[in-house]
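Student: Dropping in coords.pdb, with PDB, C-alpha atoms (C1' of nucleotides).
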ATOM      1  CA  MET A   2     -10.047   3.146 -21.283  1.00  0.00           C
ATOM      2  CA  SER A   3     -12.441   5.799 -20.130  1.00  0.00           C
ATOM      3  CA  GLU A   4     -11.599   9.466 -20.190  1.00  0.00           C
ATOM      4  CA  SER A   5     -11.443   9.509 -16.410  1.00  0.00           C
ATOM      5  CA  GLY A   6      -8.749   6.839 -16.538  1.00  0.00           C
ATOM      6  CA  SER A   7      -6.203   8.981 -18.272  1.00  0.00           C
ATOM      7  CA  CYS A   8      -7.421  11.912 -16.230  1.00  0.00           C
ATOM      8  CA  ASN A   9      -6.468  10.070 -13.055  1.00  0.00           C
ATOM      9  CA  ILE A  10      -3.068   9.315 -14.478  1.00  0.00           C
ATOM     10  CA  ARG A  11      -2.598  12.976 -15.211  1.00  0.00           C
ATOM     11  CA  ARG A  12      -3.543  13.923 -11.686  1.00  0.00           C
ATOM     12  CA  VAL A  13      -1.144  11.392 -10.240  1.00  0.00           C
ATOM     13  CA  LEU A  14       1.640  12.638 -12.454  1.00  0.00           C
ATOM     14  CA  ALA A  15       0.885  16.269 -11.664  1.00  0.00           C
ATOM     15  CA  THR A  16       1.150  15.472  -7.967  1.00  0.00           C
ATOM     16  CA  VAL A  17       4.249  13.324  -8.173  1.00  0.00           C
ATOM     17  CA  ILE A  18       6.416  14.825 -10.916  1.00  0.00           C
ATOM     18  CA  PRO A  19       7.470  17.915  -8.920  1.00  0.00           C
ATOM     19  CA  TYR A  20       9.423  15.576  -6.646  1.00  0.00           C
ATOM     20  CA  GLY A  21      11.589  14.405  -9.545  1.00  0.00           C
ATOM     21  CA  LYS A  22      15.193  15.479  -9.870  1.00  0.00           C
ATOM     22  CA  LYS A  23      17.540  15.319 -12.801  1.00  0.00           C
ATOM     23  CA  ASP A  24      20.854  13.607 -12.103  1.00  0.00           C
ATOM     24  CA  TRP A  25      19.062  11.551  -9.513  1.00  0.00           C
ATOM     25  CA  TRP A  26      21.034   8.449 -10.431  1.00  0.00           C
ATOM     26  CA  LYS A  27      24.686   9.386 -10.716  1.00  0.00           C
ATOM     27  CA  GLY A  28      27.484   7.229 -12.039  1.00  0.00           C
ATOM     28  CA  ASN A  29      28.900   5.944 -15.259  1.00  0.00           C
ATOM     29  CA  ARG A  30      27.228   3.256 -17.311  1.00  0.00           C
ATOM     30  CA  GLU A  31      28.831   0.334 -15.519  1.00  0.00           C
ATOM     31  CA  GLU A  32      28.159   1.787 -12.101  1.00  0.00           C
ATOM     32  CA  VAL A  33      24.525   2.261 -13.037  1.00  0.00           C
ATOM     33  CA  MET A  34      24.317  -1.357 -14.150  1.00  0.00           C
ATOM     34  CA  ILE A  35      25.855  -2.531 -10.893  1.00  0.00           C
ATOM     35  CA  GLY A  36      23.629  -0.233  -8.885  1.00  0.00           C
ATOM     36  CA  ALA A  37      20.570  -1.523 -10.705  1.00  0.00           C
ATOM     37  CA  VAL A  38      21.263  -5.008  -9.384  1.00  0.00           C
ATOM     38  CA  LEU A  39      22.320  -3.900  -5.908  1.00  0.00           C
ATOM     39  CA  THR A  40      19.226  -1.774  -5.398  1.00  0.00           C
ATOM     40  CA  GLN A  41      16.860  -4.687  -5.836  1.00  0.00           C
ATOM     41  CA  GLN A  42      14.602  -4.600  -2.781  1.00  0.00           C
ATOM     42  CA  THR A  43      17.095  -2.318  -1.022  1.00  0.00           C
ATOM     43  CA  ARG A  44      17.448   1.323  -0.032  1.00  0.00           C
ATOM     44  CA  TRP A  45      19.821   3.371  -2.128  1.00  0.00           C
ATOM     45  CA  GLU A  46      21.882   4.524   0.865  1.00  0.00           C
ATOM     46  CA  ASN A  47      23.032   0.936   1.352  1.00  0.00           C
ATOM     47  CA  VAL A  48      23.694   0.524  -2.355  1.00  0.00           C
ATOM     48  CA  ASP A  49      25.785   3.665  -2.332  1.00  0.00           C
ATOM     49  CA  ARG A  50      27.956   2.241   0.406  1.00  0.00           C
ATOM     50  CA  GLY A  51      28.384  -1.012  -1.437  1.00  0.00           C
ATOM     51  CA  LEU A  52      29.263   0.845  -4.607  1.00  0.00           C
ATOM     52  CA  GLY A  53      31.808   2.833  -2.619  1.00  0.00           C
ATOM     53  CA  GLN A  54      33.374  -0.400  -1.371  1.00  0.00           C
ATOM     54  CA  LEU A  55      33.581  -1.728  -4.896  1.00  0.00           C
ATOM     55  CA  LYS A  56      35.264   1.463  -6.081  1.00  0.00           C
ATOM     56  CA  LYS A  57      37.694   1.413  -3.205  1.00  0.00           C
ATOM     57  CA  ILE A  58      38.968  -2.018  -4.188  1.00  0.00           C
ATOM     58  CA  GLY A  59      38.819  -1.181  -7.865  1.00  0.00           C
ATOM     59  CA  ILE A  60      36.111  -3.572  -9.014  1.00  0.00           C
ATOM     60  CA  ALA A  61      33.217  -1.228  -9.708  1.00  0.00           C
ATOM     61  CA  ASP A  62      33.125  -2.332 -13.325  1.00  0.00           C
ATOM     62  CA  MET A  63      32.361  -5.427 -15.376  1.00  0.00           C
ATOM     63  CA  ALA A  64      35.986  -6.504 -15.820  1.00  0.00           C
ATOM     64  CA  GLY A  65      36.728  -6.176 -12.134  1.00  0.00           C
ATOM     65  CA  ILE A  66      33.683  -8.175 -11.133  1.00  0.00           C
ATOM     66  CA  VAL A  67      34.549 -11.023 -13.472  1.00  0.00           C
ATOM     67  CA  GLN A  68      38.120 -11.233 -12.280  1.00  0.00           C
ATOM     68  CA  CYS A  69      37.902 -10.758  -8.525  1.00  0.00           C
ATOM     69  CA  GLU A  70      37.419 -13.433  -5.902  1.00  0.00           C
ATOM     70  CA  ASN A  71      33.785 -14.042  -5.123  1.00  0.00           C
ATOM     71  CA  ALA A  72      34.428 -13.654  -1.396  1.00  0.00           C
ATOM     72  CA  MET A  73      35.776 -10.176  -2.035  1.00  0.00           C
ATOM     73  CA  LEU A  74      32.755  -9.230  -4.090  1.00  0.00           C
ATOM     74  CA  GLU A  75      30.351 -10.558  -1.484  1.00  0.00           C
ATOM     75  CA  LYS A  76      32.103  -8.743   1.312  1.00  0.00           C
ATOM     76  CA  ALA A  77      31.982  -5.427  -0.531  1.00  0.00           C
ATOM     77  CA  ILE A  78      28.255  -5.612  -1.224  1.00  0.00           C
ATOM     78  CA  ARG A  79      27.153  -7.217   2.020  1.00  0.00           C
ATOM     79  CA  CYS A  80      25.575  -3.980   3.193  1.00  0.00           C
ATOM     80  CA  THR A  81      23.084  -4.117   0.317  1.00  0.00           C
ATOM     81  CA  GLY A  82      21.431  -7.288   1.576  1.00  0.00           C
ATOM     82  CA  PHE A  83      20.871 -10.513  -0.352  1.00  0.00           C
ATOM     83  CA  TYR A  84      24.589 -10.265  -0.955  1.00  0.00           C
ATOM     84  CA  ARG A  85      25.087 -13.839  -2.102  1.00  0.00           C
ATOM     85  CA  VAL A  86      22.410 -13.740  -4.784  1.00  0.00           C
ATOM     86  CA  LYS A  87      23.463 -10.261  -5.794  1.00  0.00           C
ATOM     87  CA  ALA A  88      27.085 -11.321  -6.147  1.00  0.00           C
ATOM     88  CA  ARG A  89      25.932 -14.150  -8.391  1.00  0.00           C
ATOM     89  CA  ARG A  90      23.756 -11.773 -10.418  1.00  0.00           C
ATOM     90  CA  LEU A  91      26.554  -9.251 -10.829  1.00  0.00           C
ATOM     91  CA  ARG A  92      28.862 -11.986 -12.036  1.00  0.00           C
ATOM     92  CA  ALA A  93      26.264 -13.218 -14.511  1.00  0.00           C
ATOM     93  CA  LEU A  94      25.835  -9.677 -15.805  1.00  0.00           C
ATOM     94  CA  ALA A  95      29.563  -8.965 -15.998  1.00  0.00           C
ATOM     95  CA  ARG A  96      30.289 -12.302 -17.630  1.00  0.00           C
ATOM     96  CA  HIS A  97      27.607 -11.677 -20.192  1.00  0.00           C
ATOM     97  CA  VAL A  98      29.017  -8.263 -21.067  1.00  0.00           C
ATOM     98  CA  GLN A  99      32.494  -9.664 -21.349  1.00  0.00           C
ATOM     99  CA  GLU A 100      31.547 -12.620 -23.531  1.00  0.00           C
ATOM    100  CA  ARG A 101      29.092 -10.768 -25.699  1.00  0.00           C
ATOM    101  CA  PRO A 102      30.439  -9.685 -29.115  1.00  0.00           C
ATOM    102  CA  GLY A 103      31.442  -6.050 -28.851  1.00  0.00           C
ATOM    103  CA  GLY A 104      30.889  -5.890 -25.108  1.00  0.00           C
ATOM    104  CA  LEU A 105      29.246  -2.715 -23.847  1.00  0.00           C
ATOM    105  CA  GLU A 106      29.801  -1.008 -27.171  1.00  0.00           C
ATOM    106  CA  GLY A 107      27.977  -3.803 -28.886  1.00  0.00           C
ATOM    107  CA  MET A 108      25.122  -3.516 -26.430  1.00  0.00           C
ATOM    108  CA  ALA A 109      24.918   0.233 -26.976  1.00  0.00           C
ATOM    109  CA  ALA A 110      24.540  -0.425 -30.691  1.00  0.00           C
ATOM    110  CA  GLU A 111      21.445  -2.603 -30.225  1.00  0.00           C
ATOM    111  CA  THR A 112      17.896  -1.438 -30.613  1.00  0.00           C
ATOM    112  CA  THR A 113      16.095  -0.834 -27.361  1.00  0.00           C
ATOM    113  CA  GLU A 114      13.882  -3.892 -27.802  1.00  0.00           C
ATOM    114  CA  ASN A 115      16.794  -6.184 -28.597  1.00  0.00           C
ATOM    115  CA  LEU A 116      18.820  -4.863 -25.710  1.00  0.00           C
ATOM    116  CA  ARG A 117      15.851  -5.282 -23.398  1.00  0.00           C
ATOM    117  CA  GLU A 118      15.468  -8.919 -24.383  1.00  0.00           C
ATOM    118  CA  GLU A 119      19.179  -9.484 -24.109  1.00  0.00           C
ATOM    119  CA  LEU A 120      19.220  -8.136 -20.570  1.00  0.00           C
ATOM    120  CA  LEU A 121      16.191 -10.174 -19.538  1.00  0.00           C
ATOM    121  CA  ARG A 122      17.980 -13.356 -20.550  1.00  0.00           C
ATOM    122  CA  ILE A 123      20.639 -12.737 -17.910  1.00  0.00           C
ATOM    123  CA  ALA A 124      19.911 -14.573 -14.651  1.00  0.00           C
ATOM    124  CA  GLY A 125      18.881 -12.094 -11.995  1.00  0.00           C
ATOM    125  CA  ILE A 126      17.914  -9.302 -14.373  1.00  0.00           C
ATOM    126  CA  GLY A 127      14.160  -8.898 -14.281  1.00  0.00           C
ATOM    127  CA  GLU A 128      11.847  -6.328 -15.814  1.00  0.00           C
ATOM    128  CA  GLU A 129      12.643  -3.431 -13.529  1.00  0.00           C
ATOM    129  CA  THR A 130      16.384  -3.971 -13.457  1.00  0.00           C
ATOM    130  CA  ALA A 131      16.439  -4.219 -17.249  1.00  0.00           C
ATOM    131  CA  GLU A 132      14.431  -1.015 -17.537  1.00  0.00           C
ATOM    132  CA  SER A 133      16.718   0.790 -15.131  1.00  0.00           C
ATOM    133  CA  ILE A 134      19.754  -0.230 -17.131  1.00  0.00           C
ATOM    134  CA  LEU A 135      18.077   0.760 -20.387  1.00  0.00           C
ATOM    135  CA  CYS A 136      16.860   4.135 -19.160  1.00  0.00           C
ATOM    136  CA  PHE A 137      19.604   5.265 -16.794  1.00  0.00           C
ATOM    137  CA  GLY A 138      22.556   3.332 -18.205  1.00  0.00           C
ATOM    138  CA  PHE A 139      21.912   3.503 -21.927  1.00  0.00           C
ATOM    139  CA  GLY A 140      19.700   6.575 -22.126  1.00  0.00           C
ATOM    140  CA  ARG A 141      16.827   4.744 -23.788  1.00  0.00           C
ATOM    141  CA  MET A 142      13.230   5.935 -23.811  1.00  0.00           C
ATOM    142  CA  VAL A 143      11.955   3.518 -21.193  1.00  0.00           C
ATOM    143  CA  PHE A 144       9.978   4.391 -18.099  1.00  0.00           C
ATOM    144  CA  VAL A 145      11.018   2.264 -15.139  1.00  0.00           C
ATOM    145  CA  MET A 146       8.034   0.606 -13.467  1.00  0.00           C
ATOM    146  CA  ASP A 147       8.656  -0.101  -9.808  1.00  0.00           C
ATOM    147  CA  ALA A 148       6.690  -0.942  -6.693  1.00  0.00           C
ATOM    148  CA  TYR A 149       6.238   2.708  -5.736  1.00  0.00           C
ATOM    149  CA  THR A 150       4.782   3.600  -9.110  1.00  0.00           C
ATOM    150  CA  GLN A 151       2.276   0.778  -8.912  1.00  0.00           C
ATOM    151  CA  ARG A 152       1.344   1.575  -5.323  1.00  0.00           C
ATOM    152  CA  ILE A 153       0.969   5.300  -5.938  1.00  0.00           C
ATOM    153  CA  CYS A 154      -1.133   4.709  -9.026  1.00  0.00           C
ATOM    154  CA  ALA A 155      -3.230   2.219  -7.081  1.00  0.00           C
ATOM    155  CA  CYS A 156      -3.848   4.938  -4.503  1.00  0.00           C
ATOM    156  CA  GLY A 157      -5.051   7.031  -7.407  1.00  0.00           C
ATOM    157  CA  GLY A 158      -7.560   4.358  -8.314  1.00  0.00           C
ATOM    158  CA  ILE A 159      -5.611   3.132 -11.305  1.00  0.00           C
ATOM    159  CA  ARG A 160      -5.541  -0.625 -11.405  1.00  0.00           C
ATOM    160  CA  SER A 161      -3.911  -1.450 -14.694  1.00  0.00           C
ATOM    161  CA  ARG A 162      -1.426  -4.232 -14.940  1.00  0.00           C
ATOM    162  CA  ARG A 163       2.251  -3.476 -15.019  1.00  0.00           C
ATOM    163  CA  MET A 164       2.789  -3.281 -18.761  1.00  0.00           C
ATOM    164  CA  ALA A 165      -0.443  -1.405 -19.437  1.00  0.00           C
ATOM    165  CA  LEU A 166       0.291   1.086 -16.694  1.00  0.00           C
ATOM    166  CA  GLN A 167       3.766   1.637 -18.055  1.00  0.00           C
ATOM    167  CA  ASP A 168       2.351   2.326 -21.513  1.00  0.00           C
ATOM    168  CA  ARG A 169      -0.213   4.759 -20.170  1.00  0.00           C
ATOM    169  CA  ILE A 170       2.329   6.669 -18.122  1.00  0.00           C
ATOM    170  CA  MET A 171       4.695   6.881 -21.058  1.00  0.00           C
ATOM    171  CA  GLN A 172       1.903   8.231 -23.226  1.00  0.00           C
ATOM    172  CA  GLU A 173       1.305  11.050 -20.779  1.00  0.00           C
ATOM    173  CA  LEU A 174       4.964  12.074 -20.497  1.00  0.00           C
ATOM    174  CA  PRO A 175       7.153  13.841 -23.037  1.00  0.00           C
ATOM    175  CA  ALA A 176       8.756  11.159 -25.167  1.00  0.00           C
ATOM    176  CA  THR A 177      12.317  11.617 -23.984  1.00  0.00           C
ATOM    177  CA  ALA A 178      14.599   9.468 -21.891  1.00  0.00           C
ATOM    178  CA  GLU A 179      15.164  12.413 -19.592  1.00  0.00           C
ATOM    179  CA  SER A 180      11.492  12.898 -18.829  1.00  0.00           C
ATOM    180  CA  TYR A 181      11.205   9.202 -18.034  1.00  0.00           C
ATOM    181  CA  ARG A 182      14.226   9.351 -15.770  1.00  0.00           C
ATOM    182  CA  THR A 183      12.862  12.353 -13.915  1.00  0.00           C
ATOM    183  CA  ALA A 184       9.458  10.744 -13.603  1.00  0.00           C
ATOM    184  CA  HIS A 185      10.842   7.541 -12.144  1.00  0.00           C
ATOM    185  CA  ALA A 186      12.955   9.527  -9.698  1.00  0.00           C
ATOM    186  CA  ALA A 187       9.813  11.416  -8.779  1.00  0.00           C
ATOM    187  CA  PHE A 188       7.796   8.271  -8.064  1.00  0.00           C
ATOM    188  CA  VAL A 189      10.540   6.899  -5.864  1.00  0.00           C
ATOM    189  CA  GLU A 190      11.049  10.135  -3.951  1.00  0.00           C
ATOM    190  CA  TYR A 191       7.333  10.710  -3.534  1.00  0.00           C
ATOM    191  CA  GLY A 192       6.788   7.108  -2.563  1.00  0.00           C
ATOM    192  CA  ARG A 193       9.513   7.100   0.030  1.00  0.00           C
ATOM    193  CA  ARG A 194       8.062  10.192   1.626  1.00  0.00           C
ATOM    194  CA  PHE A 195       4.334   9.652   1.367  1.00  0.00           C
ATOM    195  CA  CYS A 196       3.397   6.281  -0.024  1.00  0.00           C
ATOM    196  CA  SER A 197       5.612   3.547   1.346  1.00  0.00           C
ATOM    197  CA  SER A 198       3.666   0.563   2.628  1.00  0.00           C
ATOM    198  CA  ARG A 199       4.181   1.987   6.093  1.00  0.00           C
ATOM    199  CA  LYS A 200       3.093   5.543   5.341  1.00  0.00           C
ATOM    200  CA  CYS A 201       0.519   5.026   2.660  1.00  0.00           C
ATOM    201  CA  SER A 202      -2.255   6.211   4.939  1.00  0.00           C
ATOM    202  CA  GLU A 203      -0.737   9.650   4.641  1.00  0.00           C
ATOM    203  CA  CYS A 204      -0.685   9.438   0.908  1.00  0.00           C
ATOM    204  CA  ARG A 205      -2.146  12.593  -0.533  1.00  0.00           C
ATOM    205  CA  ILE A 206      -2.904  10.975  -3.837  1.00  0.00           C
ATOM    206  CA  LYS A 207      -6.099   9.514  -2.455  1.00  0.00           C
ATOM    207  CA  ARG A 208      -7.409  12.878  -1.366  1.00  0.00           C
ATOM    208  CA  SER A 209      -6.305  14.794  -4.391  1.00  0.00           C
ATOM    209  CA  ILE A 210      -7.953  12.294  -6.680  1.00  0.00           C
ATOM    210  CA  ALA A 211     -10.838  10.639  -4.913  1.00  0.00           C
TER     211      ALA A 211
ATOM    212  C1'  DG B  10      11.545  -6.920  18.165  1.00  0.00           C
ATOM    213  C1'  DA B  11       8.639  -6.339  14.228  1.00  0.00           C
ATOM    214  C1'  DC B  12       8.490  -4.505   9.806  1.00  0.00           C
ATOM    215  C1'  DC B  13      10.114  -2.750   5.476  1.00  0.00           C
ATOM    216  C1'  DA B  14      13.318  -1.583   1.454  1.00  0.00           C
ATOM    217  C1'  DG B  15      13.981   1.604  -6.116  1.00  0.00           C
ATOM    218  C1'  DG B  16      13.151  -7.388  -7.120  1.00  0.00           C
ATOM    219  C1'  DT B  17      13.897 -11.889  -8.965  1.00  0.00           C
ATOM    220  C1'  DC B  18      13.421 -16.704  -9.076  1.00  0.00           C
ATOM    221  C1'  DC B  19      11.339 -21.074  -7.943  1.00  0.00           C
ATOM    222  C1'  DT B  20       7.643 -23.871  -6.371  1.00  0.00           C
ATOM    223  C1'  DT B  21       2.578 -24.769  -5.845  1.00  0.00           C
ATOM    224  C1'  DG B  22      -2.282 -24.747  -6.655  1.00  0.00           C
TER     225       DG B  22
ATOM    226  C1'  DC C   2      -1.257 -17.140 -14.107  1.00  0.00           C
ATOM    227  C1'  DA C   3      -1.502 -15.835  -8.769  1.00  0.00           C
ATOM    228  C1'  DA C   4       0.308 -16.532  -4.455  1.00  0.00           C
ATOM    229  C1'  DG C   5       3.906 -17.661  -1.210  1.00  0.00           C
ATOM    230  C1'  DG C   6       8.616 -18.286   0.204  1.00  0.00           C
ATOM    231  C1'  DA C   7      13.723 -17.542  -0.066  1.00  0.00           C
ATOM    232  C1'  DC C   8      17.285 -14.451  -0.308  1.00  0.00           C
ATOM    233  C1'  DA C   9      19.886 -10.820   4.123  1.00  0.00           C
ATOM    234  C1'  DT C  10      21.568  -6.389   5.769  1.00  0.00           C
ATOM    235  C1'  DG C  11      20.406  -1.941   7.782  1.00  0.00           C
ATOM    236  C1'  DG C  12      17.206   1.604   9.340  1.00  0.00           C
ATOM    237  C1'  DT C  13      12.735   3.091  11.928  1.00  0.00           C
TER     238       DT C  13
END
Could I get this structure in the form of structure tokens?
Tutor:
Amino acid sequence: MSESGSCNIRRVLATVIPYGKKDWWKGNREEVMIGAVLTQQTRWENVDRGLGQLKKIGIADMAGIVQCENAMLEKAIRCTGFYRVKARRLRALARHVQERPGGLEGMAAETTENLREELLRIAGIGEETAESILCFGFGRMVFVMDAYTQRICACGGIRSRRMALQDRIMQELPATAESYRTAHAAFVEYGRRFCSSRKCSECRIKRSIA
DNA sequence: GACCAGGTCCTTG
DNA sequence: CAAGGACATGGT
């Protein structure tokens, strides 16, 4: 870990962070959990519509998802893509919450590490989805590592692996859940504008760093 | 029409 | 472990 390594991280963060907004991910805890699954490999605008459909028919929560007909669930979230797998994943998540001792309250009482492992055991909840739920749903001090973050950092010449990169970014940010939320929002917003796989040639990170 | 989106899982080498 | 494919709708 050379000095220039962390220096590059700082430059990336200095460039990206201004694009971060607080209250970027709105919704109550259950809506955030649902959104975390629906947004897998999907634009948020489509997720928002799906979430709206779920609210309209009154199943935008764990109990509603467990109880409703699968066809109804699939129809409501069709606009988010991969709707069959996502319906299955939402049911797995909702069923877990319902069957778990203490439900959501019980989950909120867990340590961050235990809750992280618990979430990862649910089929369809991977690293990023678990982190999103931890950070945005449960207010835990976890920085969400996504494709944009890795791509933007790669543009900045940082080639750490996922976990190592996450650690390094978290070390550079204030140790609060809010700063991690804002930072993730910033990476996504910056990435969508300047560093998507389509637009990465315009990415200013390369210039500002290299 | 091609290509991509705030991933995850399963199969191969 | 890395790479490749499946999952699917909606926007550029």
Student: For chain C, which of A:Ile78, A:Ala61, A:Ile10, A:Val17 is the closest residue, counting only C-alpha atoms (C1' of nucleotides)?
Tutor: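 Looking at the shortest contact to chain C, the residue is A:Ile78.
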Student: Find the distance between CA of Gln151 (chain A) and CA of Ser180 (chain A) and write it in Å to one decimal.
Tutor: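 For CA of Gln151 (chain A) relative to CA of Ser180 (chain A), the distance reads 18.2 Å.
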Student: Please report as a ChimeraX atom specification which residues of chain A come no farther than 6 Å from chain B, using only C-alpha atoms (C1' of nucleotides).
Tutor: /A:41-44,125
Student: Please provide as a PyMOL selection string all residues within 9 Å of Ile123 (chain A), with the sequence filter that same-chain residues fewer than 2 positions apart are discarded (counting all atoms listed in the file).
Tutor: chain A and resi 90+93-94+97+119-121+125-127
Student: May I have the residues from that selection written out with C-alpha atoms, as a PDB file, in the frame of the given file?
Tutor:
ATOM      1  CA  ARG A  90      23.756 -11.773 -10.418  1.00  0.00           C
ATOM      2  CA  ALA A  93      26.264 -13.218 -14.511  1.00  0.00           C
ATOM      3  CA  LEU A  94      25.835  -9.677 -15.805  1.00  0.00           C
ATOM      4  CA  HIS A  97      27.607 -11.677 -20.192  1.00  0.00           C
ATOM      5  CA  GLU A 119      19.179  -9.484 -24.109  1.00  0.00           C
ATOM      6  CA  LEU A 120      19.220  -8.136 -20.570  1.00  0.00           C
ATOM      7  CA  LEU A 121      16.191 -10.174 -19.538  1.00  0.00           C
ATOM      8  CA  GLY A 125      18.881 -12.094 -11.995  1.00  0.00           C
ATOM      9  CA  ILE A 126      17.914  -9.302 -14.373  1.00  0.00           C
ATOM     10  CA  GLY A 127      14.160  -8.898 -14.281  1.00  0.00           C
TER      11      GLY A 127
END
Student: Could you give me, as number ranges by chain, the residues that have an atom at most 9 Å away from the point (14.0, 9.5, -17.2) in the coordinates of the file, using all atoms listed in the file?
Tutor: A: 23, 136-137, 140-145, 177-186
Student: Tell me as number ranges by chain which residues belonging to chain C come within 6 Å of chain A, counting all atoms listed in the file.
Tutor: C: 8-10
Student: I'd like the interatomic distance between CA of Ala95 (chain A) and CA of Asn29 (chain A), to a tenth of an Å.
Tutor: 14.9 Å
